[in-house]
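Enquirer: This is the content of data.cif (mmCIF, C-alpha atoms):
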data_coords
#
loop_
_atom_site.label_atom_id
_atom_site.label_comp_id
_atom_site.auth_asym_id
_atom_site.auth_seq_id
_atom_site.Cartn_x
_atom_site.Cartn_y
_atom_site.Cartn_z
CA MET A 1 -20.71 1.13 -13.88
CA THR A 2 -18.86 4.20 -12.68
CA ARG A 3 -16.45 4.44 -9.77
CA ALA A 4 -19.00 6.47 -7.80
CA GLU A 5 -21.56 3.68 -8.17
CA ILE A 6 -19.04 1.07 -6.99
CA VAL A 7 -18.24 3.23 -3.93
CA ARG A 8 -21.97 3.62 -3.26
CA LEU A 9 -22.41 -0.15 -3.42
CA ALA A 10 -19.52 -0.66 -1.03
CA GLN A 11 -21.13 1.81 1.40
CA CYS A 12 -24.55 0.16 1.20
CA VAL A 13 -23.03 -3.05 2.58
CA VAL A 14 -23.50 -1.71 6.11
CA ARG A 15 -27.08 -0.55 5.46
CA ARG A 16 -28.87 -3.71 6.53
CA PRO A 17 -30.83 -4.95 9.56
CA ARG A 18 -28.82 -5.00 12.80
CA TRP A 19 -28.93 -8.79 13.19
CA GLN A 20 -27.67 -9.18 9.64
CA LEU A 21 -24.89 -6.65 10.24
CA VAL A 22 -23.74 -8.56 13.36
CA LEU A 23 -23.74 -11.78 11.33
CA ALA A 24 -21.86 -10.03 8.52
CA VAL A 25 -19.17 -8.75 10.92
CA LEU A 26 -18.61 -12.20 12.45
CA LEU A 27 -18.49 -13.91 9.05
CA SER A 28 -16.30 -11.12 7.68
CA ALA A 29 -13.72 -11.53 10.46
CA TRP A 30 -13.72 -15.32 10.05
CA THR A 31 -13.38 -15.13 6.26
CA LEU A 32 -10.65 -12.47 6.32
CA ALA A 33 -8.66 -14.45 8.89
CA TRP A 34 -8.99 -17.56 6.70
CA VAL A 35 -7.84 -15.69 3.59
CA LEU A 36 -4.87 -14.12 5.40
CA GLY A 37 -4.12 -17.47 7.03
CA GLN A 38 -3.19 -18.83 3.61
CA LEU A 39 -0.04 -16.68 3.74
CA ALA A 40 1.32 -18.73 6.64
CA ALA A 41 3.86 -21.49 6.06
CA ASP A 42 1.22 -23.97 7.20
CA PRO A 43 -2.09 -22.59 5.80
CA LEU A 44 -4.95 -22.61 8.28
CA SER A 45 -8.34 -24.19 7.69
CA PRO A 46 -11.59 -22.40 8.65
CA LEU A 47 -12.04 -24.60 11.73
CA GLY A 48 -8.32 -24.40 12.45
CA LEU A 49 -8.79 -20.68 13.05
CA LEU A 50 -11.27 -21.42 15.84
CA THR A 51 -8.94 -23.61 17.93
CA TRP A 52 -8.31 -20.66 20.26
CA THR A 53 -11.90 -21.02 21.52
CA GLY A 54 -10.96 -24.31 23.19
CA ILE A 55 -13.83 -26.13 21.48
CA PRO A 56 -12.66 -29.55 20.23
CA LEU A 57 -13.19 -29.17 16.48
CA ASP A 58 -10.77 -31.85 15.29
CA SER A 59 -13.55 -34.41 14.85
CA ALA A 60 -15.64 -31.91 12.82
CA SER A 61 -12.65 -31.14 10.60
CA LEU A 62 -11.94 -34.84 10.09
CA TRP A 63 -15.63 -35.45 9.29
CA ALA A 64 -15.54 -32.67 6.65
CA GLN A 65 -12.34 -33.96 5.06
CA GLN A 66 -13.76 -37.48 4.81
CA ARG A 67 -16.71 -36.04 2.84
CA ALA A 68 -14.66 -33.72 0.63
CA ASP A 69 -16.27 -35.00 -2.59
CA VAL A 70 -19.74 -34.02 -1.38
CA LEU A 71 -18.91 -30.86 0.55
CA ALA A 72 -16.83 -29.46 -2.33
CA TRP A 73 -20.13 -28.94 -4.17
CA LEU A 74 -21.00 -26.35 -1.53
CA ALA A 75 -18.43 -24.10 -3.21
CA THR A 76 -20.47 -24.30 -6.42
CA LEU A 77 -23.62 -23.41 -4.49
CA GLY A 78 -21.68 -20.62 -2.80
CA GLY A 79 -20.73 -19.14 -6.17
CA LEU A 80 -24.33 -19.29 -7.37
CA SER A 81 -25.39 -17.66 -4.11
CA TRP A 82 -22.86 -14.89 -4.75
CA ALA A 83 -24.43 -14.37 -8.18
CA ALA A 84 -27.86 -13.96 -6.52
CA THR A 85 -26.65 -11.04 -4.39
CA THR A 86 -28.39 -7.72 -4.99
CA GLU A 87 -28.29 -4.32 -3.37
CA ARG A 88 -31.49 -5.01 -1.42
CA GLY A 89 -30.76 -8.70 -0.89
CA GLN A 90 -27.23 -9.02 0.49
CA LEU A 91 -27.82 -12.15 2.57
CA PRO A 92 -26.88 -14.49 -0.34
CA ALA A 93 -23.33 -13.08 -0.26
CA LEU A 94 -23.01 -14.11 3.39
CA ALA A 95 -24.55 -17.53 2.72
CA GLY A 96 -22.17 -17.99 -0.21
CA TRP A 97 -19.11 -17.19 1.89
CA PHE A 98 -20.26 -19.59 4.61
CA ALA A 99 -20.71 -22.33 1.99
CA VAL A 100 -17.19 -21.62 0.70
CA LEU A 101 -15.82 -21.84 4.26
CA VAL A 102 -17.41 -25.27 4.71
CA ALA A 103 -16.12 -26.41 1.31
CA GLY A 104 -12.70 -24.98 2.19
CA GLU A 105 -12.57 -27.06 5.34
CA ALA A 106 -13.25 -30.16 3.26
CA ALA A 107 -11.31 -29.51 0.05
CA GLY A 108 -8.90 -26.68 0.85
CA TYR A 109 -8.84 -22.94 0.22
CA GLU A 110 -7.68 -22.88 -3.38
CA HIS A 111 -10.14 -25.51 -4.61
CA ALA A 112 -13.12 -23.98 -2.78
CA VAL A 113 -12.54 -20.36 -3.80
CA ARG A 114 -11.65 -21.22 -7.39
CA ARG A 115 -14.74 -23.40 -7.74
CA ALA A 116 -17.02 -20.72 -6.28
CA ILE A 117 -15.64 -18.00 -8.56
CA LEU A 118 -15.84 -20.30 -11.58
CA SER A 119 -19.48 -21.19 -10.91
CA MET A 120 -20.40 -17.50 -10.53
CA VAL A 121 -18.57 -16.53 -13.74
CA VAL A 122 -20.08 -19.42 -15.74
CA PHE A 123 -23.58 -18.50 -14.53
CA LEU A 124 -23.08 -14.87 -15.55
CA LEU A 125 -21.67 -15.89 -18.95
CA VAL A 126 -24.70 -18.12 -19.59
CA LEU A 127 -26.99 -15.23 -18.72
CA ALA A 128 -24.96 -12.91 -20.96
CA ALA A 129 -25.32 -15.36 -23.86
CA VAL A 130 -29.07 -15.63 -23.24
CA SER A 131 -29.36 -11.83 -23.04
CA ILE A 132 -28.06 -11.41 -26.59
CA THR A 133 -31.34 -12.81 -27.90
CA GLY A 134 -33.35 -10.41 -25.75
CA ARG A 135 -31.52 -7.18 -26.45
CA ARG A 136 -34.20 -5.94 -28.89
CA ALA A 137 -37.15 -7.18 -26.86
CA PHE A 138 -39.84 -4.85 -25.63
CA VAL A 139 -40.02 -5.30 -21.87
CA VAL A 140 -43.66 -4.23 -21.87
CA ASP A 141 -44.57 -7.32 -23.93
CA ARG A 142 -42.71 -10.02 -21.99
CA VAL A 143 -39.99 -10.67 -19.46
CA ALA A 144 -36.58 -10.29 -21.10
CA VAL A 145 -32.95 -10.70 -20.13
CA MET A 146 -31.19 -7.55 -21.29
CA PRO A 147 -27.37 -7.39 -21.73
CA GLN A 148 -26.95 -4.13 -19.81
CA ASP A 149 -29.01 -5.51 -16.91
CA VAL A 150 -26.88 -8.67 -16.78
CA VAL A 151 -23.68 -6.60 -16.71
CA ARG A 152 -25.00 -4.25 -14.04
CA ALA A 153 -26.37 -7.07 -11.85
CA GLY A 154 -23.15 -9.07 -12.27
CA ILE A 155 -20.95 -6.15 -11.22
CA THR A 156 -23.27 -5.42 -8.28
CA ALA A 157 -23.11 -9.03 -7.11
CA ALA A 158 -19.32 -9.17 -7.51
CA VAL A 159 -18.72 -5.94 -5.57
CA LEU A 160 -21.12 -6.80 -2.73
CA THR A 161 -19.56 -10.26 -2.45
CA ALA A 162 -15.95 -9.06 -2.62
CA VAL A 163 -16.37 -6.56 0.22
CA VAL A 164 -17.76 -9.12 2.70
CA PRO A 165 -14.30 -9.96 4.13
CA LEU A 166 -13.64 -6.22 4.51
CA ILE A 167 -16.77 -5.40 6.54
CA ALA A 168 -15.24 -6.08 9.97
CA PRO A 169 -11.97 -4.15 9.47
CA GLY A 170 -13.83 -1.40 7.61
CA LEU A 171 -16.27 -0.84 10.48
CA ALA A 172 -13.44 -0.97 13.03
CA LEU A 173 -11.42 1.60 11.08
CA THR A 174 -14.47 3.83 10.63
CA ARG A 175 -15.21 3.72 14.37
CA LEU A 176 -11.58 4.52 15.18
CA VAL A 177 -11.30 7.47 12.77
CA ARG A 178 -14.81 8.94 13.23
CA PRO A 179 -13.92 11.32 16.14
CA TYR A 180 -11.10 12.85 14.10
CA VAL A 181 -13.04 13.51 10.91
CA THR A 182 -14.90 16.75 10.23
CA LYS A 183 -18.01 16.29 8.13
CA PRO A 184 -19.35 19.02 5.88
CA PRO A 185 -22.74 20.47 6.81
CA ARG A 186 -25.73 18.63 5.43
CA ARG A 187 -27.63 20.19 2.59
CA LEU A 188 -31.08 21.26 3.61
CA ARG A 189 -33.90 20.09 1.45
CA PRO A 190 -35.82 22.89 -0.22
CA VAL A 191 -39.04 23.53 1.64
CA GLU A 192 -42.04 24.14 -0.53
CA THR A 193 -44.08 27.02 0.81
CA GLN A 194 -47.61 27.52 -0.27
CA LEU A 195 -48.59 31.08 -1.02
CA LEU A 196 -51.71 32.12 0.82
CA ARG A 197 -54.04 34.36 -1.12
CA GLU A 198 -55.33 37.34 0.72
CA THR A 199 -59.05 37.37 1.05
CA GLY A 200 -60.55 40.77 1.20
#
Kindly transcribe the structure held in the file into structure tokens.
Expert:
Amino acid sequence: MTRAEIVRLAQCVVRRPRWQLVLAVLLSAWTLAWVLGQLAADPLSPLGLLTWTGIPLDSASLWAQQRADVLAWLATLGGLSWAATTERGQLPALAGWFAVLVAGEAAGYEHAVRRAILSMVVFLLVLAAVSITGRRAFVVDRVAVMPQDVVRAGITAAVLTAVVPLIAPGLALTRLVRPYVTKPPRRLRPVETQLLRETG
């Protein structure tokens, strides 16, 4: 996959239904704040970031920590959800990050993120191993798992998942800079003109 294709994938993150974009921005801001919150001396939990709202979330956080063994499995499901992300179906990336946030509240940032990444990588490696047997298959005869398709789909899923925390700051920066940027003129599509025969 070329650099231009990766940039195109990163740009297509914002090409989604409006309700999904609003959800993506909210989840992006929450996720990015959680990731950056790990740099603090006392790392913040996902619900710990929401204390400024005034909503009493201590009981929810305690409930999650008491069920850490069960909720930690959400990180595994989150990683598999990341692996299911495609260019046309980007909702699994958001669902995966939300699952990782819940698992992070229960088991901590490092455990949740590491488990999600590991489950995604293991799934892709299993598919890559399966694809070796189908590399000479004729797709017209049967459904096959092809190595190049696994690589392309894996890179697509990884890029679309990785940019989720960057959606909110990216859109904010784009909105801030847009008035100061000069865009080149659009290329006009060639218009096909039909020649009319003269009738005499």
Enquirer: Determine the residue set returned by the PyMOL selection byres ((chain A and resi 108) around 12) for the present structure, and present it as a PyMOL selection string.
Expert: chain A and resi 34-35+38+43-48+61+64-65+68-69+71-72+75+100-107+109-115
Enquirer: Selection from above, C-alpha atoms, as a PDB file, in the frame of the given file, can you write it?
Expert:
ATOM      1  CA  TRP A  34      -8.990 -17.560   6.700  1.00  0.00           C
ATOM      2  CA  VAL A  35      -7.840 -15.690   3.590  1.00  0.00           C
ATOM      3  CA  GLN A  38      -3.190 -18.830   3.610  1.00  0.00           C
ATOM      4  CA  PRO A  43      -2.090 -22.590   5.800  1.00  0.00           C
ATOM      5  CA  LEU A  44      -4.950 -22.610   8.280  1.00  0.00           C
ATOM      6  CA  SER A  45      -8.340 -24.190   7.690  1.00  0.00           C
ATOM      7  CA  PRO A  46     -11.590 -22.400   8.650  1.00  0.00           C
ATOM      8  CA  LEU A  47     -12.040 -24.600  11.730  1.00  0.00           C
ATOM      9  CA  GLY A  48      -8.320 -24.400  12.450  1.00  0.00           C
ATOM     10  CA  SER A  61     -12.650 -31.140  10.600  1.00  0.00           C
ATOM     11  CA  ALA A  64     -15.540 -32.670   6.650  1.00  0.00           C
ATOM     12  CA  GLN A  65     -12.340 -33.960   5.060  1.00  0.00           C
ATOM     13  CA  ALA A  68     -14.660 -33.720   0.630  1.00  0.00           C
ATOM     14  CA  ASP A  69     -16.270 -35.000  -2.590  1.00  0.00           C
ATOM     15  CA  LEU A  71     -18.910 -30.860   0.550  1.00  0.00           C
ATOM     16  CA  ALA A  72     -16.830 -29.460  -2.330  1.00  0.00           C
ATOM     17  CA  ALA A  75     -18.430 -24.100  -3.210  1.00  0.00           C
ATOM     18  CA  VAL A 100     -17.190 -21.620   0.700  1.00  0.00           C
ATOM     19  CA  LEU A 101     -15.820 -21.840   4.260  1.00  0.00           C
ATOM     20  CA  VAL A 102     -17.410 -25.270   4.710  1.00  0.00           C
ATOM     21  CA  ALA A 103     -16.120 -26.410   1.310  1.00  0.00           C
ATOM     22  CA  GLY A 104     -12.700 -24.980   2.190  1.00  0.00           C
ATOM     23  CA  GLU A 105     -12.570 -27.060   5.340  1.00  0.00           C
ATOM     24  CA  ALA A 106     -13.250 -30.160   3.260  1.00  0.00           C
ATOM     25  CA  ALA A 107     -11.310 -29.510   0.050  1.00  0.00           C
ATOM     26  CA  TYR A 109      -8.840 -22.940   0.220  1.00  0.00           C
ATOM     27  CA  GLU A 110      -7.680 -22.880  -3.380  1.00  0.00           C
ATOM     28  CA  HIS A 111     -10.140 -25.510  -4.610  1.00  0.00           C
ATOM     29  CA  ALA A 112     -13.120 -23.980  -2.780  1.00  0.00           C
ATOM     30  CA  VAL A 113     -12.540 -20.360  -3.800  1.00  0.00           C
ATOM     31  CA  ARG A 114     -11.650 -21.220  -7.390  1.00  0.00           C
ATOM     32  CA  ARG A 115     -14.740 -23.400  -7.740  1.00  0.00           C
TER      33      ARG A 115
END
Enquirer: Could you make a table, as CSV, of the residues of segment 32-84 of chain A that have an atom within 10 Å of an atom of segment 140-162 of chain A, each with its nearest atom pair and distance in Å to one decimal, counting only C-alpha atoms, in chain and number order?
Expert:
residue,atom,partner,partner_atom,distance
A:Gly79,CA,A:Thr161,CA,9.7
A:Ser81,CA,A:Ala157,CA,9.4
A:Trp82,CA,A:Thr161,CA,6.1
A:Ala83,CA,A:Ala157,CA,5.6
A:Ala84,CA,A:Ala157,CA,6.9
Enquirer: If the PyMOL selection byres ((chain A and resi 163) around 12) is run on the structure shown, which residues does it catch, given as a PyMOL selection string?
Expert: chain A and resi 6-7+9-14+24-25+27-29+31-32+82+90+93-94+97+156-162+164-171
Enquirer: How many Å lie between atom CA of Gly78 of chain A and atom CA of Ala116 of chain A, rounded to one decimal?
Expert: 5.8 Å
Enquirer: Suppose you want the space between atom CA of Thr76 of chain A and atom CA of Leu62 of chain A; what is it in Å?
Expert: 21.4 Å
Enquirer: Find the distance between atom CA of Val22 of chain A and atom CA of Phe98 of chain A and write it in Å to one decimal.
Expert: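 Separation between atom CA of Val22 of chain A and atom CA of Phe98 of chain A: 14.5 Å.
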Enquirer: For Leu23 of chain A, which residue out of A:Met120, A:Ala95, A:Ala172, A:Leu80 is the nearest one, using only C-alpha atoms?
Expert: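 Ranked by minimum distance to Leu23 of chain A, first place goes to A:Ala95.
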Enquirer: Just checking: using all atoms listed in the file, which residue out of A:Arg15, A:Ala4, A:Pro56, A:Val181 ends up closest to Gly89 of chain A?
Expert: A:Arg15
